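Coordinates from start_13.cif are shown below (mmCIF, C-alpha atoms).
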data_model
#
loop_
_atom_site.label_atom_id
_atom_site.label_comp_id
_atom_site.auth_asym_id
_atom_site.auth_seq_id
_atom_site.Cartn_x
_atom_site.Cartn_y
_atom_site.Cartn_z
CA MET A 23 3.54 -17.78 10.54
CA SER A 24 -0.19 -17.53 10.88
CA ARG A 25 -2.98 -15.01 11.23
CA ASP A 26 -2.95 -15.32 15.02
CA SER A 27 0.71 -14.47 15.29
CA ALA A 28 0.78 -11.66 12.75
CA LEU A 29 -2.50 -9.75 12.94
CA VAL A 30 -4.39 -7.95 15.71
CA SER A 31 -7.93 -6.64 15.53
CA ALA A 32 -9.07 -3.09 16.19
CA ASP A 33 -10.99 -4.33 19.24
CA TRP A 34 -7.86 -5.90 20.71
CA ALA A 35 -5.86 -2.78 19.97
CA GLU A 36 -8.33 -0.45 21.63
CA LYS A 37 -8.33 -2.65 24.75
CA ASN A 38 -4.52 -2.59 24.82
CA LEU A 39 -3.88 1.11 24.41
CA GLY A 40 -1.21 2.08 26.90
CA ALA A 41 -0.45 -1.51 27.86
CA PRO A 42 3.19 -1.91 28.91
CA GLY A 43 5.47 -3.63 26.43
CA ILE A 44 3.31 -2.69 23.42
CA VAL A 45 4.22 0.13 21.05
CA PHE A 46 1.86 1.32 18.33
CA VAL A 47 3.68 2.67 15.30
CA GLU A 48 1.95 4.65 12.57
CA VAL A 49 3.70 4.54 9.21
CA ASP A 50 2.67 6.89 6.43
CA GLU A 51 4.19 8.60 3.48
CA ASP A 52 2.17 11.68 4.33
CA THR A 53 2.74 12.08 8.06
CA THR A 54 0.31 14.98 8.31
CA ALA A 55 -2.24 12.22 8.84
CA TYR A 56 -0.52 11.35 12.13
CA ASP A 57 -0.39 15.02 13.11
CA THR A 58 -4.13 15.43 12.66
CA GLY A 59 -4.81 12.45 14.88
CA HIS A 60 -3.15 9.18 15.82
CA ILE A 61 -3.84 6.20 18.01
CA PRO A 62 -3.10 7.30 21.61
CA GLY A 63 0.54 6.60 22.43
CA ALA A 64 1.52 5.73 18.86
CA VAL A 65 4.87 6.88 17.55
CA LYS A 66 5.27 8.15 14.01
CA LEU A 67 7.47 6.83 11.23
CA ASP A 68 7.83 8.64 7.94
CA TRP A 69 8.22 6.09 5.17
CA LYS A 70 10.39 8.39 3.13
CA SER A 71 12.51 10.45 5.49
CA ASP A 72 12.96 7.81 8.20
CA LEU A 73 13.25 4.55 6.31
CA GLN A 74 14.92 5.41 3.00
CA ASP A 75 18.55 6.34 2.39
CA PRO A 76 18.55 9.93 1.12
CA VAL A 77 21.11 9.32 -1.63
CA ARG A 78 21.07 5.65 -2.71
CA ARG A 79 17.92 3.84 -3.65
CA ASP A 80 18.04 1.56 -0.62
CA PHE A 81 17.06 1.38 3.02
CA VAL A 82 18.80 3.05 5.93
CA ASN A 83 21.56 0.77 7.18
CA GLN A 84 21.57 -1.32 10.33
CA GLN A 85 23.15 1.37 12.52
CA GLN A 86 20.74 4.02 11.26
CA PHE A 87 17.78 1.72 11.90
CA GLU A 88 19.05 1.09 15.43
CA ALA A 89 19.40 4.83 16.02
CA LEU A 90 15.91 5.48 14.64
CA LEU A 91 14.19 2.90 16.82
CA SER A 92 16.24 3.86 19.88
CA GLU A 93 15.25 7.47 19.47
CA ARG A 94 11.59 6.54 19.06
CA GLY A 95 11.76 4.57 22.29
CA ILE A 96 11.17 1.14 20.78
CA GLY A 97 12.89 -1.66 22.65
CA ASN A 98 13.96 -5.06 21.36
CA GLY A 99 11.47 -6.82 23.59
CA ASP A 100 8.53 -4.58 22.70
CA GLN A 101 5.54 -5.87 20.79
CA VAL A 102 5.37 -3.50 17.85
CA VAL A 103 1.89 -3.01 16.36
CA LEU A 104 2.03 -1.32 12.96
CA TYR A 105 -0.78 0.53 11.23
CA GLY A 106 -1.16 3.24 8.63
CA GLY A 107 -3.06 4.70 5.71
CA ASN A 108 -3.43 3.49 2.15
CA ASN A 109 -5.12 0.29 3.31
CA ASN A 110 -2.07 -0.53 5.44
CA TRP A 111 0.34 -0.53 2.46
CA PHE A 112 2.95 1.42 4.37
CA ALA A 113 2.36 -0.48 7.59
CA ALA A 114 2.76 -3.82 5.75
CA TYR A 115 5.93 -2.46 4.19
CA ALA A 116 7.22 -1.43 7.62
CA TYR A 117 6.31 -4.87 8.99
CA TRP A 118 8.43 -6.47 6.26
CA TYR A 119 11.18 -3.91 6.87
CA PHE A 120 11.24 -4.51 10.66
CA LYS A 121 11.26 -8.24 9.96
CA LEU A 122 14.19 -7.72 7.59
CA TYR A 123 16.15 -6.24 10.49
CA GLY A 124 15.05 -9.03 12.79
CA HIS A 125 12.56 -7.45 15.18
CA GLY A 126 11.02 -10.26 17.20
CA ASP A 127 7.44 -9.39 18.12
CA LEU A 128 5.57 -7.76 15.26
CA LYS A 129 1.89 -7.29 14.55
CA LEU A 130 -0.14 -5.58 11.87
CA LEU A 131 -3.39 -3.84 12.89
CA ASP A 132 -6.11 -5.35 10.70
CA GLY A 133 -7.87 -2.58 8.77
CA GLY A 134 -5.21 -0.01 9.59
CA ARG A 135 -6.05 3.62 9.98
CA LYS A 136 -9.09 3.53 7.72
CA LYS A 137 -11.09 1.02 9.77
CA TRP A 138 -10.04 2.75 12.99
CA GLU A 139 -11.32 6.07 11.66
CA LEU A 140 -14.52 4.76 10.09
CA GLU A 141 -15.35 3.01 13.38
CA ASN A 142 -14.81 6.27 15.26
CA ARG A 143 -12.14 4.84 17.55
CA PRO A 144 -9.91 7.18 19.57
CA LEU A 145 -7.55 9.42 17.68
CA VAL A 146 -5.62 12.09 19.54
CA MET A 147 -3.19 14.86 18.73
CA ASP A 148 -1.21 14.56 21.98
CA PRO A 149 2.51 14.55 21.26
CA VAL A 150 4.10 11.22 22.13
CA SER A 151 7.50 10.85 23.68
CA ARG A 152 8.99 7.60 24.89
CA THR A 153 12.24 7.11 26.78
CA ALA A 154 15.06 6.35 24.38
CA THR A 155 16.24 2.75 24.21
CA SER A 156 19.38 0.98 22.99
CA TYR A 157 17.90 -0.95 20.10
CA ARG A 158 19.99 -3.64 18.41
CA ALA A 159 19.06 -4.78 14.91
CA GLN A 160 20.17 -7.94 13.10
CA ASN A 161 21.82 -8.11 9.72
CA GLN A 162 19.22 -7.91 6.94
CA ASP A 163 17.40 -11.20 6.45
CA GLN A 164 17.83 -11.62 2.71
CA SER A 165 15.58 -14.67 2.67
CA ILE A 166 12.63 -12.28 2.39
CA ARG A 167 14.09 -9.71 0.02
CA ALA A 168 14.60 -10.22 -3.72
CA PHE A 169 16.97 -8.22 -5.88
CA ARG A 170 17.04 -7.66 -9.62
CA ASP A 171 19.21 -10.59 -10.74
CA GLU A 172 17.31 -13.16 -8.71
CA VAL A 173 14.06 -11.88 -10.20
CA ILE A 174 15.30 -12.23 -13.77
CA ALA A 175 16.57 -15.75 -13.00
CA ALA A 176 13.20 -16.61 -11.48
CA ILE A 177 11.28 -16.21 -14.76
CA GLY A 178 9.79 -19.62 -15.57
CA VAL A 179 11.21 -21.06 -12.34
CA LYS A 180 9.50 -19.43 -9.36
CA ASN A 181 6.07 -17.90 -8.85
CA LEU A 182 6.16 -14.23 -9.76
CA VAL A 183 3.17 -12.31 -8.48
CA ASP A 184 2.41 -8.87 -9.88
CA VAL A 185 0.11 -7.15 -7.41
CA ARG A 186 -0.60 -3.96 -9.36
CA SER A 187 -3.95 -3.10 -10.90
CA PRO A 188 -4.91 -4.98 -14.11
CA ASP A 189 -4.32 -1.83 -16.17
CA GLU A 190 -0.78 -1.42 -14.83
CA TYR A 191 -0.10 -5.14 -15.34
CA ALA A 192 -1.25 -5.03 -18.96
CA GLY A 193 0.67 -1.86 -19.70
CA ARG A 194 -2.36 0.41 -20.11
CA LEU A 195 -1.36 2.51 -17.09
CA LEU A 196 2.11 3.25 -15.72
CA ALA A 197 1.08 4.19 -12.19
CA PRO A 198 -1.87 3.63 -9.82
CA ALA A 199 -4.90 5.72 -10.74
CA HIS A 200 -4.55 8.19 -7.88
CA LEU A 201 -1.25 9.42 -9.33
CA PRO A 202 -0.46 11.29 -12.54
CA GLN A 203 0.76 8.84 -15.15
CA GLU A 204 4.43 9.30 -15.84
CA GLN A 205 6.07 8.20 -19.09
CA ALA A 206 9.44 7.44 -17.60
CA GLN A 207 9.83 3.74 -18.32
CA ARG A 208 8.30 0.83 -20.22
CA ALA A 209 4.86 -0.44 -19.28
CA GLY A 210 3.85 -4.07 -18.86
CA HIS A 211 4.87 -6.90 -16.55
CA ILE A 212 7.54 -9.53 -15.99
CA PRO A 213 6.81 -12.49 -18.31
CA THR A 214 5.09 -15.40 -16.51
CA ALA A 215 4.03 -13.17 -13.61
CA LEU A 216 0.55 -13.88 -12.28
CA SER A 217 -1.77 -10.90 -11.94
CA VAL A 218 -3.25 -10.82 -8.45
CA PRO A 219 -3.96 -7.21 -7.48
CA TRP A 220 -3.15 -6.66 -3.80
CA SER A 221 -6.66 -5.30 -3.26
CA LYS A 222 -8.21 -8.70 -3.86
CA ALA A 223 -6.69 -9.82 -0.56
CA ALA A 224 -8.48 -7.12 1.41
CA LYS A 225 -12.05 -6.12 2.09
CA GLU A 226 -13.47 -2.67 1.60
CA ASP A 227 -12.75 -1.68 5.21
CA GLY A 228 -9.09 -2.57 4.80
CA THR A 229 -9.13 -5.85 6.74
CA PHE A 230 -7.77 -9.04 5.21
CA LYS A 231 -10.07 -11.69 3.79
CA SER A 232 -10.20 -15.07 5.53
CA ASP A 233 -7.44 -17.65 5.10
CA ASP A 234 -9.78 -19.85 3.02
CA GLU A 235 -10.71 -16.98 0.72
CA LEU A 236 -7.05 -16.04 0.34
CA ARG A 237 -5.95 -19.59 -0.44
CA GLN A 238 -8.68 -19.79 -3.08
CA LEU A 239 -7.71 -16.42 -4.54
CA TYR A 240 -4.07 -17.32 -5.14
CA GLY A 241 -4.82 -20.93 -6.04
CA GLU A 242 -7.23 -19.90 -8.77
CA ALA A 243 -4.68 -17.42 -10.09
CA GLY A 244 -2.23 -20.26 -10.58
CA LEU A 245 0.12 -19.88 -7.63
CA ASP A 246 2.12 -23.12 -7.32
CA GLY A 247 2.39 -23.83 -3.60
CA SER A 248 5.42 -26.07 -4.14
CA LYS A 249 7.51 -23.23 -5.59
CA SER A 250 9.15 -20.17 -4.10
CA THR A 251 7.39 -16.85 -4.67
CA ILE A 252 8.51 -13.31 -5.40
CA ALA A 253 5.96 -10.49 -5.19
CA TYR A 254 6.38 -7.10 -6.84
CA CYS A 255 4.45 -3.95 -7.71
CA ARG A 256 5.77 -0.50 -8.59
CA ILE A 257 8.00 0.40 -5.65
CA GLY A 258 7.50 -2.48 -3.25
CA GLU A 259 4.78 -1.30 -0.88
CA ARG A 260 1.73 -2.97 -2.35
CA SER A 261 3.84 -6.09 -2.79
CA SER A 262 4.72 -5.99 0.93
CA HIS A 263 1.00 -6.26 1.57
CA THR A 264 0.88 -9.42 -0.58
CA TRP A 265 4.14 -10.70 0.93
CA PHE A 266 2.42 -10.37 4.29
CA VAL A 267 -0.60 -12.34 3.07
CA LEU A 268 1.40 -15.20 1.55
CA ARG A 269 4.02 -15.59 4.25
CA GLU A 270 2.59 -14.20 7.46
CA LEU A 271 -1.04 -15.24 7.02
CA LEU A 272 -0.97 -18.29 4.76
CA GLY A 273 2.40 -19.58 5.96
CA HIS A 274 4.19 -20.13 2.64
CA SER A 275 7.81 -20.75 3.56
CA ASP A 276 9.74 -18.99 0.78
CA VAL A 277 8.24 -15.65 -0.16
CA LYS A 278 10.27 -12.58 -1.04
CA ASN A 279 9.39 -8.99 -1.70
CA TYR A 280 11.08 -7.42 -4.72
CA ASP A 281 11.20 -3.82 -3.54
CA GLY A 282 12.93 -2.56 -6.69
CA SER A 283 9.70 -3.63 -8.39
CA TRP A 284 8.49 -2.20 -11.69
CA THR A 285 10.19 1.18 -11.32
CA GLU A 286 13.45 -0.75 -11.46
CA TYR A 287 12.53 -3.66 -13.74
CA GLY A 288 10.67 -1.54 -16.30
CA SER A 289 13.76 0.61 -16.75
CA LEU A 290 16.33 -2.17 -17.10
CA VAL A 291 18.05 -2.46 -20.44
CA GLY A 292 17.50 -5.76 -22.20
CA VAL A 293 15.11 -7.56 -19.84
CA PRO A 294 12.04 -9.32 -21.25
CA VAL A 295 8.70 -7.53 -20.84
CA ALA A 296 5.20 -8.88 -21.44
CA LEU A 297 2.18 -6.75 -22.39
CA GLY A 298 -1.52 -7.50 -22.16
CA ASP A 299 -3.65 -9.40 -19.70
CA GLU A 300 -1.95 -12.81 -19.97
CA PRO A 301 1.20 -13.76 -18.02
CA GLY A 302 3.20 -14.62 -21.13
CA ASP A 303 5.99 -17.13 -21.60
CA PRO A 304 9.60 -17.12 -20.47
CA PRO A 305 11.91 -15.82 -23.21
CA SER A 306 12.81 -18.65 -25.59
CA ASN A 307 16.58 -18.21 -25.59
CA MET B 23 3.53 17.37 -3.85
CA SER B 24 4.97 13.87 -3.92
CA THR B 25 6.19 12.77 -7.32
CA SER B 26 5.22 9.38 -8.63
CA SER B 27 8.75 8.01 -8.60
CA ALA B 28 9.25 8.94 -4.96
CA GLY B 29 6.33 7.11 -3.43
CA CYS B 30 2.91 5.61 -3.69
CA GLY B 31 0.91 7.91 -1.42
CA ALA B 32 -1.72 10.12 -2.99
CA PRO B 33 -0.78 13.74 -3.67
CA VAL B 34 -2.55 16.48 -1.68
CA GLN B 35 -6.14 16.20 -2.83
CA SER B 36 -7.10 19.87 -2.52
CA ALA B 37 -4.08 21.24 -4.36
CA PRO B 38 -4.91 22.78 -7.71
CA LEU B 39 -4.09 20.56 -10.66
CA PRO B 40 -0.36 20.95 -11.20
CA ALA B 41 0.65 22.71 -14.41
CA SER B 42 2.60 19.59 -15.39
CA VAL B 43 -0.59 17.55 -15.70
CA ASP B 44 -1.44 17.39 -19.36
CA LEU B 45 -5.22 17.40 -19.63
CA GLU B 46 -4.97 16.35 -23.24
CA LYS B 47 -3.34 13.10 -22.15
CA GLU B 48 -4.65 12.54 -18.61
CA THR B 49 -8.14 11.39 -17.68
CA VAL B 50 -8.82 13.17 -14.42
CA ILE B 51 -11.80 12.11 -12.29
CA THR B 52 -12.41 14.63 -9.56
CA GLY B 53 -15.13 15.98 -7.28
CA VAL B 54 -16.37 16.66 -3.77
CA VAL B 55 -17.90 14.33 -1.18
CA SER B 56 -20.67 15.98 0.82
CA SER B 57 -23.30 15.09 3.36
CA GLY B 58 -26.99 14.97 2.59
CA GLU B 59 -27.18 18.58 3.79
CA GLY B 60 -24.49 19.65 1.34
CA ASP B 61 -21.59 20.04 3.78
CA PRO B 62 -18.26 18.88 2.37
CA ILE B 63 -16.78 15.86 4.17
CA GLY B 64 -13.05 15.86 4.72
CA GLY B 65 -11.29 12.64 5.59
CA ALA B 66 -13.72 10.46 3.63
CA TYR B 67 -12.30 7.49 1.74
CA VAL B 68 -13.07 7.46 -1.98
CA ARG B 69 -12.48 4.25 -3.91
CA LEU B 70 -12.18 4.00 -7.68
CA LEU B 71 -13.45 0.71 -9.12
CA ASP B 72 -12.94 -0.35 -12.72
CA ALA B 73 -15.65 -1.44 -15.18
CA THR B 74 -15.66 -4.97 -13.71
CA GLY B 75 -16.08 -3.65 -10.17
CA GLU B 76 -12.49 -4.33 -9.15
CA PHE B 77 -10.74 -1.92 -6.83
CA THR B 78 -8.23 0.31 -8.62
CA ALA B 79 -7.28 3.14 -6.27
CA GLU B 80 -8.29 4.92 -3.09
CA VAL B 81 -7.72 8.43 -1.75
CA VAL B 82 -8.77 10.38 1.31
CA THR B 83 -10.69 13.61 0.68
CA SER B 84 -9.13 16.93 1.62
CA PRO B 85 -10.67 19.05 4.38
CA GLU B 86 -12.79 20.61 1.59
CA GLY B 87 -14.06 17.18 0.63
CA GLN B 88 -12.13 17.02 -2.64
CA PHE B 89 -10.73 13.93 -4.34
CA ARG B 90 -8.86 13.33 -7.59
CA PHE B 91 -7.89 10.28 -9.64
CA PHE B 92 -5.80 9.89 -12.76
CA ALA B 93 -7.44 7.09 -14.69
CA ALA B 94 -7.95 6.19 -18.32
CA PRO B 95 -10.96 6.76 -20.60
CA GLY B 96 -13.83 4.38 -19.82
CA THR B 97 -16.45 3.53 -17.25
CA TRP B 98 -15.58 3.73 -13.56
CA THR B 99 -17.43 3.48 -10.28
CA LEU B 100 -16.70 5.78 -7.36
CA ARG B 101 -17.52 4.67 -3.83
CA ALA B 102 -17.20 6.99 -0.83
CA LEU B 103 -16.93 5.68 2.74
CA SER B 104 -17.25 8.01 5.72
CA ARG B 105 -18.50 8.06 9.28
CA ALA B 106 -21.47 10.07 7.99
CA GLY B 107 -22.42 7.41 5.44
CA ASN B 108 -21.52 6.04 2.02
CA ALA B 109 -22.14 7.00 -1.61
CA ASP B 110 -21.79 5.39 -5.03
CA ALA B 111 -21.62 6.95 -8.50
CA GLU B 112 -20.80 5.73 -11.98
CA VAL B 113 -18.85 7.89 -14.40
CA THR B 114 -17.95 7.52 -18.06
CA ALA B 115 -14.73 9.43 -18.24
CA GLY B 116 -12.90 10.86 -21.22
CA ARG B 117 -9.57 12.65 -21.47
CA GLY B 118 -9.47 15.90 -19.55
CA LEU B 119 -11.38 16.83 -16.44
CA ASN B 120 -14.38 14.70 -15.34
CA GLU B 121 -16.25 16.09 -12.33
CA VAL B 122 -18.45 13.92 -10.10
CA ALA B 123 -20.35 14.90 -6.97
CA LEU B 124 -20.81 12.29 -4.22
CA SER B 125 -23.50 12.80 -1.60
CA VAL B 126 -23.36 10.29 1.27
CA ILE B 127 -26.31 8.57 2.80
CA ALA B 128 -26.10 7.44 6.42
#
Could you take the file, read its structure, and then write that structure out as structure tokens?
Amino acid sequence: MSRDSALVSADWAEKNLGAPGIVFVEVDEDTTAYDTGHIPGAVKLDWKSDLQDPVRRDFVNQQQFEALLSERGIGNGDQVVLYGGNNNWFAAYAYWYFKLYGHGDLKLLDGGRKKWELENRPLVMDPVSRTATSYRAQNQDQSIRAFRDEVIAAIGVKNLVDVRSPDEYAGRLLAPAHLPQEQAQRAGHIPTALSVPWSKAAKEDGTFKSDDELRQLYGEAGLDGSKSTIAYCRIGERSSHTWFVLRELLGHSDVKNYDGSWTEYGSLVGVPVALGDEPGDPPSN
Amino acid sequence: MSTSSAGCGAPVQSAPLPASVDLEKETVITGVVSSGEGDPIGGAYVRLLDATGEFTAEVVTSPEGQFRFFAAPGTWTLRALSRAGNADAEVTAGRGLNEVALSVIA
């Protein structure tokens, strides 16, 4: 994968509003943002109520995903352009999620909602309705999704990239600074994990840095290009953003997102945890 | 109000501080973004940078221009981005409520 095949610019998007075969999809946790104004023709996806199973901590299944996309009027052959708030966290997560279920033509809008708004590009409140389709999804592509046991086995073997803020990584904070700090689980990081906050991959306006800058960023942090990589954060959204950078922009072949992330790992009984600003060593036993 | 375990999106910025927030433990950095003329700016992006200038968190101001972060004691920089202009402010925050006003310049 490369930048050209994964990313579109705001200029390109504005020129292609309403173009046949292209569907803009806004993904937020707070969908009131969409209601107050969205890219003309964009359909809305609620990260929580549309994409998550309401009972189990997992995604909606293949049939539910098919029903969701069919109802939204997204066809298998459509070019889906994803964007959203929070510096495109949710849109990057949705990109990874759509890729998991095998959607063919996917793009992320560089800069997401923030750049679109700050540049005063068109946002409308017109309700959007597309003709329903018969969407078919694939089985989940597990080559891009990491689960708990693989992550534990990866300590000292694969690259682990912790994309949370330095304070969360070191154990000084339990959640990002725009959220109240909860005391539910242990603080810290997975031993040997490199600290590369997701935000270092993006500029202030939400767009991604250049390929050269990104390669330098991860290289200097100690990412071993010859090894497989697993990215994680707190619940797997910020790490989707980094997954996107490493796999979709820089073209690393084996990169997984660990969506259980720290809210799972930091609550597991008996797993090793490292504190402080250094990665730490694999457990000695 | 989204709970931390449910998601990563920022809670409603203009909501009053929930009773569950313990101001003896939390370091709350809060304030209003306004224009040079003093009008509050809703929909502005406010970024929290740590003492080394690294990005930590970002929220969008409420229609009343309000923003709120839950940080830790120490020095932080706030940077507001809006169509009406940008603003920067430094704050040394302690536990409890720390209020900062941001006035954008075009």
| said: Quick check on the file I pasted: which residues fall under the PyMOL selection byres ((chain B) within 6 of (chain A))? Write them as an MDAnalysis selection string. | reply: chainID B and resid 31:32 78:79 91:93 105
| task | Apply the PyMOL selection byres ((chain A and resi 127) around 9) to the file shown and report the selected residues as a PyMOL selection string. | result | chain A and resi 27-28+98-103+125-126+128-129
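Listed by chain and then by number, the residues chosen by the PyMOL selection byres ((chain B and resi 53) around 8) in this file are Ile51, Thr52, Val54, Val55, Gln88, Phe89, Arg90, Glu121, Val122, Ala123 and Leu124 of chain B.
The smallest atom-to-atom distance between Gly96 (chain B) and any of B:Thr114, B:Thr83, B:Thr49, B:Thr74, using all atoms listed in the file, is found for B:Thr114.
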| request: Please measure the separation of CA of Glu112 (chain B) and CA of Asp72 (chain B), giving the value in Å to one decimal. | output: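 The value is 10.0 Å.
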| task | Go through B:Gly116, B:Pro85, B:Pro95, B:Leu103 and flag the residue nearest Asp61 (chain B), using only C-alpha atoms for the distances. | result |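 The shortest atom-to-atom distance to Asp61 (chain B) comes from B:Pro85.
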| field | Test item: which residues lie within 9 Å of (-2.0, -11.9, 14.0) counting all atoms listed in the file, as a list of chain:residue names | value | A:Met23, A:Ser24, A:Arg25, A:Asp26, A:Ser27, A:Ala28, A:Leu29, A:Val30, A:Ser31, A:Leu128, A:Lys129, A:Leu130, A:Leu131, A:Asp132, A:Glu270, A:Leu271
| query | Interatomic distance between CA of Lys231 (chain A) and CA of His274 (chain A)? | reply |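 Distance reported for this atom pair: 16.6 Å.
Among the candidates B:Ile63, B:Ala41, B:Ala73, B:Val82, the residue lying nearest to Ser125 (chain B) is B:Ile63 (atoms considered: all atoms listed in the file).
Taking all atoms listed in the file into account, Val146 (chain A) lies nearest to A:Thr58 out of the set A:Asn279, A:Gln85, A:Thr58, A:Ser71.
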| message | Counting only C-alpha atoms, which residue out of B:Leu119, B:Ala109, B:Leu45, B:Leu100 sits closest to Gly75 (chain B)? | response | B:Leu100
| task | Would you kindly return, as a PyMOL selection string, each protein, DNA or RNA residue with an atom no farther than 12 Å from any atom of Ala253 (chain A), considering all atoms listed in the file and excluding same-chain residues fewer than 2 positions away? | result | chain A and resi 166-169+173+176+180-186+211-212+215-220+245+250-251+255-269+276-284
| said: Excluding Ser92 (chain A) and its own-chain neighbours fewer than 5 positions away, which residues fall within 6 Å of it when counting all atoms listed in the file? Please give them as a list in words. | reply: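 Listed by chain and then number, they are Ala154, Thr155, Ser156 and Tyr157 of chain A.
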